[in-house]
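Novice: Okay, handing you the structure first.
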Amino acid sequence: MVEKRSPVKRTIMYILLVILTIITLVPLVWMLSASLKLDSEVFSVPIQWIPKNPKWDNYSKIWTKIPLATFTLNTVKLTVIITIIQVLTSSFAAYGFAKCKFKGRDILFLCYVATMAIPWQVYMLPQYSMMNEMHLVDTHTGYVLMQAFSAFGVFLMRQFFISLPNELLEAARIDGLSEYGIFAKIALPLSKASISTLVIFTFVTIWNDYMGPMIYFNTETKKTLQLGVRMFIGQYSTEYGLVFAASVLSLIPVLIIFLLGQKQFVQGIASSGIKG
């Protein structure tokens, strides 16, 4: 029996949801409004939500002030490559931890997942020294290699693979299918929702990454979009209108990816058993 909520409880819940939605959207609306203002108008009080004279040319200036096209292409390139690699490595390792029996499997998985509790700042310097020794600093290859493996991705995919019935996999083995074939032809096609979830998480993380590119990229032609936005902030002055215009543009791809995979994202979280 499904318990029906009373109209009063339902109304209160909807009101709270509307309030939370407004609180969440206010900073985004303010950023969009600020991207159409002069620098002197951005922090004016009271806030002018709709500019009297919108500065639409802010969106054209950002392409001429800095090599924004190069930064955008670099960001797209790195994000797409790392997302594909992380999906492959995470799903492959997760299948092994979930469905392949070998000595020390659970201990190895526990040690691997435990690395999520270690802050990046702890091993940031040793990692940089190692990459420098291999002459991979200021290269996209080095950054891709650093982000190629994800403990969170393995954990997420393993939670789904555990739910796959062993009888299905045993039937495939009896039919002569190898473990690689089972992984490619059965496990992966059934895990579309979890893969979509991992794609969204990885895409957003890499696209918005600032510290990694700031540390490893020195050449201007190698830098990413987030570093490009930082270029509008000078030592003595800041072009706030251009900063927010570039920020709005950098937000669009993330928004599109989330909207396209929203349904699969919810299904993936539910099927993996992860709770907030």
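Here, A, B, ... name the chains of the structure tokens in the order displayed, residue numbers run from 1 inside each chain, and ligands are numbered from 1 in the same displayed order.
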Where does DSSP see helix (DSSP H, G or I) in range 153-247 of chain A, if you list the residues as a compact mmCIF listing (two decimals) with N, CA, C and O atoms, in the first residue's frame?
Specialist:
```txt
# COMPACT_ATOMS: atom_id res chain seq x y z
N GLY A 153 35.01 6.21 -10.13
CA GLY A 153 34.39 5.57 -11.28
C GLY A 153 34.33 4.06 -11.13
O GLY A 153 33.32 3.43 -11.47
N VAL A 154 35.39 3.47 -10.60
CA VAL A 154 35.40 2.02 -10.37
C VAL A 154 34.35 1.65 -9.33
O VAL A 154 33.61 0.67 -9.49
N PHE A 155 34.27 2.43 -8.26
CA PHE A 155 33.28 2.16 -7.22
C PHE A 155 31.86 2.27 -7.77
O PHE A 155 31.01 1.41 -7.50
N LEU A 156 31.61 3.29 -8.56
CA LEU A 156 30.27 3.51 -9.13
C LEU A 156 29.87 2.35 -10.04
O LEU A 156 28.77 1.80 -9.91
N MET A 157 30.76 1.97 -10.96
CA MET A 157 30.44 0.90 -11.90
C MET A 157 30.35 -0.46 -11.21
O MET A 157 29.53 -1.30 -11.57
N ARG A 158 31.19 -0.68 -10.21
CA ARG A 158 31.14 -1.97 -9.49
C ARG A 158 29.81 -2.16 -8.79
O ARG A 158 29.27 -3.27 -8.75
N GLN A 159 29.26 -1.09 -8.24
CA GLN A 159 27.97 -1.19 -7.56
C GLN A 159 26.90 -1.69 -8.51
O GLN A 159 26.00 -2.43 -8.11
N PHE A 160 26.99 -1.28 -9.78
CA PHE A 160 25.99 -1.77 -10.75
C PHE A 160 26.28 -3.20 -11.16
O PHE A 160 25.37 -4.03 -11.23
N PHE A 161 27.55 -3.51 -11.45
CA PHE A 161 27.88 -4.85 -11.92
C PHE A 161 27.55 -5.91 -10.88
O PHE A 161 27.24 -7.05 -11.23
N ILE A 162 27.62 -5.56 -9.61
CA ILE A 162 27.24 -6.51 -8.56
C ILE A 162 25.79 -6.94 -8.70
O ILE A 162 25.42 -8.09 -8.41
N ASN A 166 24.31 -13.54 -11.58
CA ASN A 166 25.39 -14.44 -11.96
C ASN A 166 24.92 -15.53 -12.92
O ASN A 166 25.71 -16.05 -13.72
N GLU A 167 23.62 -15.87 -12.84
CA GLU A 167 23.09 -16.90 -13.74
C GLU A 167 23.20 -16.47 -15.20
O GLU A 167 23.47 -17.30 -16.09
N LEU A 168 23.01 -15.18 -15.45
CA LEU A 168 23.12 -14.67 -16.81
C LEU A 168 24.55 -14.82 -17.34
O LEU A 168 24.77 -15.23 -18.48
N LEU A 169 25.51 -14.49 -16.50
CA LEU A 169 26.90 -14.60 -16.91
C LEU A 169 27.33 -16.06 -17.06
O LEU A 169 28.10 -16.40 -17.96
N GLU A 170 26.83 -16.94 -16.17
CA GLU A 170 27.16 -18.35 -16.27
C GLU A 170 26.62 -18.96 -17.55
O GLU A 170 27.27 -19.80 -18.19
N ALA A 171 25.41 -18.53 -17.93
CA ALA A 171 24.83 -19.02 -19.19
C ALA A 171 25.69 -18.60 -20.38
O ALA A 171 25.88 -19.37 -21.32
N ALA A 172 26.23 -17.38 -20.32
CA ALA A 172 27.11 -16.92 -21.39
C ALA A 172 28.41 -17.71 -21.42
O ALA A 172 28.94 -18.02 -22.50
N ARG A 173 28.93 -18.06 -20.25
CA ARG A 173 30.16 -18.87 -20.21
C ARG A 173 29.91 -20.26 -20.77
O ARG A 173 30.78 -20.83 -21.47
N ILE A 174 28.77 -20.83 -20.45
CA ILE A 174 28.43 -22.16 -20.98
C ILE A 174 28.34 -22.14 -22.50
O ILE A 174 28.73 -23.09 -23.19
N GLU A 179 35.43 -14.09 -20.85
CA GLU A 179 35.14 -13.00 -19.92
C GLU A 179 35.16 -11.64 -20.63
O GLU A 179 34.37 -10.76 -20.32
N TYR A 180 36.07 -11.50 -21.59
CA TYR A 180 36.12 -10.26 -22.35
C TYR A 180 34.84 -10.10 -23.18
O TYR A 180 34.30 -8.99 -23.31
N GLY A 181 34.37 -11.20 -23.74
CA GLY A 181 33.13 -11.15 -24.52
C GLY A 181 31.93 -10.85 -23.65
O GLY A 181 31.03 -10.09 -24.05
N ILE A 182 31.89 -11.44 -22.45
CA ILE A 182 30.79 -11.17 -21.52
C ILE A 182 30.78 -9.71 -21.13
O ILE A 182 29.73 -9.05 -21.07
N PHE A 183 31.97 -9.19 -20.86
CA PHE A 183 32.09 -7.77 -20.49
C PHE A 183 31.61 -6.85 -21.61
O PHE A 183 30.85 -5.91 -21.37
N ALA A 184 32.03 -7.15 -22.85
CA ALA A 184 31.71 -6.26 -23.96
C ALA A 184 30.29 -6.42 -24.48
O ALA A 184 29.66 -5.44 -24.88
N LYS A 185 29.77 -7.65 -24.47
CA LYS A 185 28.48 -7.92 -25.10
C LYS A 185 27.31 -8.00 -24.13
O LYS A 185 26.15 -7.91 -24.55
N ILE A 186 27.59 -8.17 -22.84
CA ILE A 186 26.50 -8.29 -21.87
C ILE A 186 26.57 -7.21 -20.80
O ILE A 186 25.61 -6.45 -20.60
N ALA A 187 27.72 -7.12 -20.13
CA ALA A 187 27.83 -6.19 -18.99
C ALA A 187 27.73 -4.73 -19.43
O ALA A 187 26.95 -3.95 -18.86
N LEU A 188 28.50 -4.34 -20.44
CA LEU A 188 28.48 -2.94 -20.87
C LEU A 188 27.12 -2.50 -21.41
O LEU A 188 26.62 -1.44 -21.04
N PRO A 189 26.49 -3.27 -22.32
CA PRO A 189 25.18 -2.83 -22.83
C PRO A 189 24.12 -2.68 -21.73
O PRO A 189 23.22 -1.84 -21.86
N LEU A 190 24.22 -3.47 -20.67
CA LEU A 190 23.24 -3.38 -19.59
C LEU A 190 23.52 -2.25 -18.62
O LEU A 190 22.69 -1.95 -17.77
N LYS A 192 24.20 1.01 -19.32
CA LYS A 192 24.14 2.32 -19.98
C LYS A 192 23.84 3.45 -19.00
O LYS A 192 24.41 4.54 -19.09
N ALA A 193 22.95 3.20 -18.06
CA ALA A 193 22.58 4.26 -17.10
C ALA A 193 23.77 4.62 -16.22
O ALA A 193 24.05 5.81 -15.99
N SER A 194 24.49 3.61 -15.73
CA SER A 194 25.66 3.89 -14.88
C SER A 194 26.77 4.55 -15.68
O SER A 194 27.46 5.44 -15.16
N ILE A 195 26.94 4.14 -16.93
CA ILE A 195 27.95 4.77 -17.78
C ILE A 195 27.60 6.23 -18.01
O ILE A 195 28.48 7.11 -17.98
N SER A 196 26.33 6.52 -18.25
CA SER A 196 25.90 7.92 -18.44
C SER A 196 26.18 8.75 -17.19
O SER A 196 26.61 9.90 -17.28
N THR A 197 25.95 8.15 -16.03
CA THR A 197 26.24 8.85 -14.77
C THR A 197 27.72 9.15 -14.65
O THR A 197 28.12 10.27 -14.29
N LEU A 198 28.55 8.16 -14.97
CA LEU A 198 30.00 8.36 -14.89
C LEU A 198 30.47 9.40 -15.91
O LEU A 198 31.35 10.20 -15.62
N VAL A 199 29.87 9.39 -17.09
CA VAL A 199 30.22 10.39 -18.12
C VAL A 199 29.93 11.80 -17.61
O VAL A 199 30.76 12.70 -17.77
N ILE A 200 28.77 11.99 -16.99
CA ILE A 200 28.42 13.32 -16.49
C ILE A 200 29.37 13.76 -15.39
O ILE A 200 29.88 14.89 -15.39
N PHE A 201 29.64 12.87 -14.43
CA PHE A 201 30.55 13.21 -13.34
C PHE A 201 31.93 13.57 -13.88
O PHE A 201 32.54 14.57 -13.48
N THR A 202 32.45 12.74 -14.78
CA THR A 202 33.81 12.96 -15.31
C THR A 202 33.86 14.22 -16.15
O THR A 202 34.80 15.02 -16.03
N PHE A 203 32.87 14.40 -17.02
CA PHE A 203 32.85 15.57 -17.90
C PHE A 203 32.84 16.86 -17.08
O PHE A 203 33.64 17.77 -17.34
N VAL A 204 31.98 16.93 -16.09
CA VAL A 204 31.88 18.15 -15.27
C VAL A 204 33.17 18.39 -14.50
O VAL A 204 33.66 19.53 -14.41
N THR A 205 33.76 17.32 -13.95
CA THR A 205 34.99 17.46 -13.15
C THR A 205 36.14 17.98 -14.00
O THR A 205 36.85 18.92 -13.61
N ILE A 206 36.35 17.37 -15.16
CA ILE A 206 37.48 17.77 -16.01
C ILE A 206 37.23 19.13 -16.64
O ILE A 206 38.14 19.96 -16.73
N TRP A 207 36.02 19.39 -17.07
CA TRP A 207 35.71 20.68 -17.71
C TRP A 207 35.93 21.84 -16.74
O TRP A 207 36.43 22.90 -17.14
N MET A 211 42.81 23.81 -10.83
CA MET A 211 44.10 23.62 -10.19
C MET A 211 45.04 22.79 -11.04
O MET A 211 46.23 23.13 -11.18
N GLY A 212 44.55 21.69 -11.61
CA GLY A 212 45.40 20.83 -12.41
C GLY A 212 46.03 21.55 -13.59
O GLY A 212 47.27 21.59 -13.72
N PRO A 213 45.23 22.15 -14.48
CA PRO A 213 45.81 22.90 -15.60
C PRO A 213 46.69 24.06 -15.16
O PRO A 213 47.69 24.36 -15.80
N MET A 214 46.34 24.73 -14.05
CA MET A 214 47.15 25.85 -13.59
C MET A 214 48.55 25.40 -13.19
O MET A 214 49.54 26.09 -13.44
N ILE A 215 48.67 24.21 -12.61
CA ILE A 215 49.96 23.70 -12.15
C ILE A 215 50.78 23.14 -13.31
O ILE A 215 51.99 23.36 -13.40
N TYR A 216 50.12 22.45 -14.24
CA TYR A 216 50.86 21.67 -15.23
C TYR A 216 51.02 22.38 -16.59
O TYR A 216 51.88 21.98 -17.37
N GLU A 220 50.89 29.07 -23.31
CA GLU A 220 49.54 29.61 -23.54
C GLU A 220 48.72 28.72 -24.47
O GLU A 220 47.52 28.57 -24.29
N THR A 221 49.36 28.11 -25.44
CA THR A 221 48.63 27.28 -26.40
C THR A 221 48.14 25.97 -25.77
O THR A 221 47.33 25.27 -26.38
N LYS A 222 48.62 25.63 -24.58
CA LYS A 222 48.20 24.39 -23.92
C LYS A 222 47.12 24.63 -22.87
O LYS A 222 46.54 23.67 -22.36
N LEU A 225 40.08 26.50 -20.77
CA LEU A 225 39.10 27.58 -20.68
C LEU A 225 39.07 28.22 -19.29
O LEU A 225 38.95 29.44 -19.16
N GLN A 226 39.19 27.41 -18.25
CA GLN A 226 39.15 27.96 -16.90
C GLN A 226 40.34 28.88 -16.62
O GLN A 226 40.21 29.88 -15.92
N LEU A 227 41.49 28.56 -17.18
CA LEU A 227 42.64 29.45 -17.05
C LEU A 227 42.46 30.70 -17.88
O LEU A 227 42.94 31.78 -17.51
N GLY A 228 41.75 30.58 -18.99
CA GLY A 228 41.47 31.74 -19.82
C GLY A 228 40.59 32.76 -19.11
O GLY A 228 40.83 33.97 -19.21
N VAL A 229 39.61 32.29 -18.37
CA VAL A 229 38.75 33.20 -17.60
C VAL A 229 39.58 33.98 -16.59
O VAL A 229 39.35 35.17 -16.35
N ARG A 230 40.57 33.32 -16.03
CA ARG A 230 41.44 33.97 -15.03
C ARG A 230 42.24 35.13 -15.64
O ARG A 230 42.64 36.05 -14.92
N TYR A 240 35.14 42.63 -15.03
CA TYR A 240 34.13 41.72 -14.50
C TYR A 240 33.10 41.31 -15.55
O TYR A 240 32.65 40.16 -15.57
N GLY A 241 32.71 42.25 -16.40
CA GLY A 241 31.74 41.91 -17.45
C GLY A 241 32.24 40.80 -18.35
O GLY A 241 31.49 39.87 -18.69
N LEU A 242 33.52 40.85 -18.71
CA LEU A 242 34.10 39.82 -19.56
C LEU A 242 34.29 38.51 -18.80
O LEU A 242 34.14 37.43 -19.38
N VAL A 243 34.62 38.62 -17.52
CA VAL A 243 34.76 37.42 -16.70
C VAL A 243 33.46 36.64 -16.67
O VAL A 243 33.43 35.41 -16.87
N PHE A 244 32.37 37.35 -16.43
CA PHE A 244 31.08 36.67 -16.33
C PHE A 244 30.58 36.21 -17.70
O PHE A 244 29.89 35.18 -17.79
N ALA A 245 30.90 36.93 -18.75
CA ALA A 245 30.53 36.50 -20.09
C ALA A 245 31.22 35.18 -20.44
O ALA A 245 30.60 34.25 -20.97
N ALA A 246 32.52 35.10 -20.14
CA ALA A 246 33.26 33.86 -20.38
C ALA A 246 32.75 32.74 -19.48
O ALA A 246 32.70 31.57 -19.89
N SER A 247 32.36 33.07 -18.27
CA SER A 247 31.83 32.05 -17.34
C SER A 247 30.52 31.48 -17.84
O SER A 247 30.27 30.28 -17.72
```
Novice: Skipping near chain neighbours, those fewer than 5 positions away, what residues fall within 10 Å of Ala114 in chain A using only C-alpha atoms, listed as an MDAnalysis selection string?
Specialist: chainID A and resid 108:109 151:152
Novice: Between A:Lys263, A:Met146, A:Thr238, A:His140, single out the one closest to Asn74 in chain A, counting only C-alpha atoms.
Specialist: A:His140
Novice: When you look at Ala148 in chain A with a cut-off of 8 Å (counting only C-alpha atoms), what residues show up, excluding the ones that are within fewer than 6 positions of it in the same chain? I need them as a PDB file with C-alpha atoms, in the first residue's frame.
Specialist:
```pdb
ATOM      1  CA  ILE A  82      39.703  11.728 -20.437  1.00  0.00           C
ATOM      2  CA  ILE A  85      39.409   6.699 -21.076  1.00  0.00           C
ATOM      3  CA  GLN A  86      37.906   6.868 -17.588  1.00  0.00           C
ATOM      4  CA  THR A  89      39.252   1.855 -17.388  1.00  0.00           C
TER       5      THR A  89
END
```
Novice: Using only C-alpha atoms, pick whichever of A:Phe92, A:Tyr143, A:Tyr59, A:Trp49 has the shortest atom-to-atom distance to Asp209 in chain A.
Specialist: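 Of A:Phe92, A:Tyr143, A:Tyr59, A:Trp49, the one nearest Asp209 in chain A, counting only C-alpha atoms, is A:Tyr143.
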Novice: Using Å and a single decimal, report how far CA of Lys65 in chain A sits from CA of Val42 in chain A.
Specialist: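 Separation between CA of Val42 in chain A and CA of Lys65 in chain A: 19.5 Å.
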Novice: Record the distance separating CA of Gly96 in chain A and CA of Thr141 in chain A, expressed in Å with one decimal.
Specialist: 26.7 Å
Novice: As an exercise, work out the distance from CA of Ala69 in chain A to CA of Trp30 in chain A in Å and give it to one decimal place.
Specialist: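 Spanning CA of Ala69 in chain A to CA of Trp30 in chain A is a straight-line distance of 25.1 Å.
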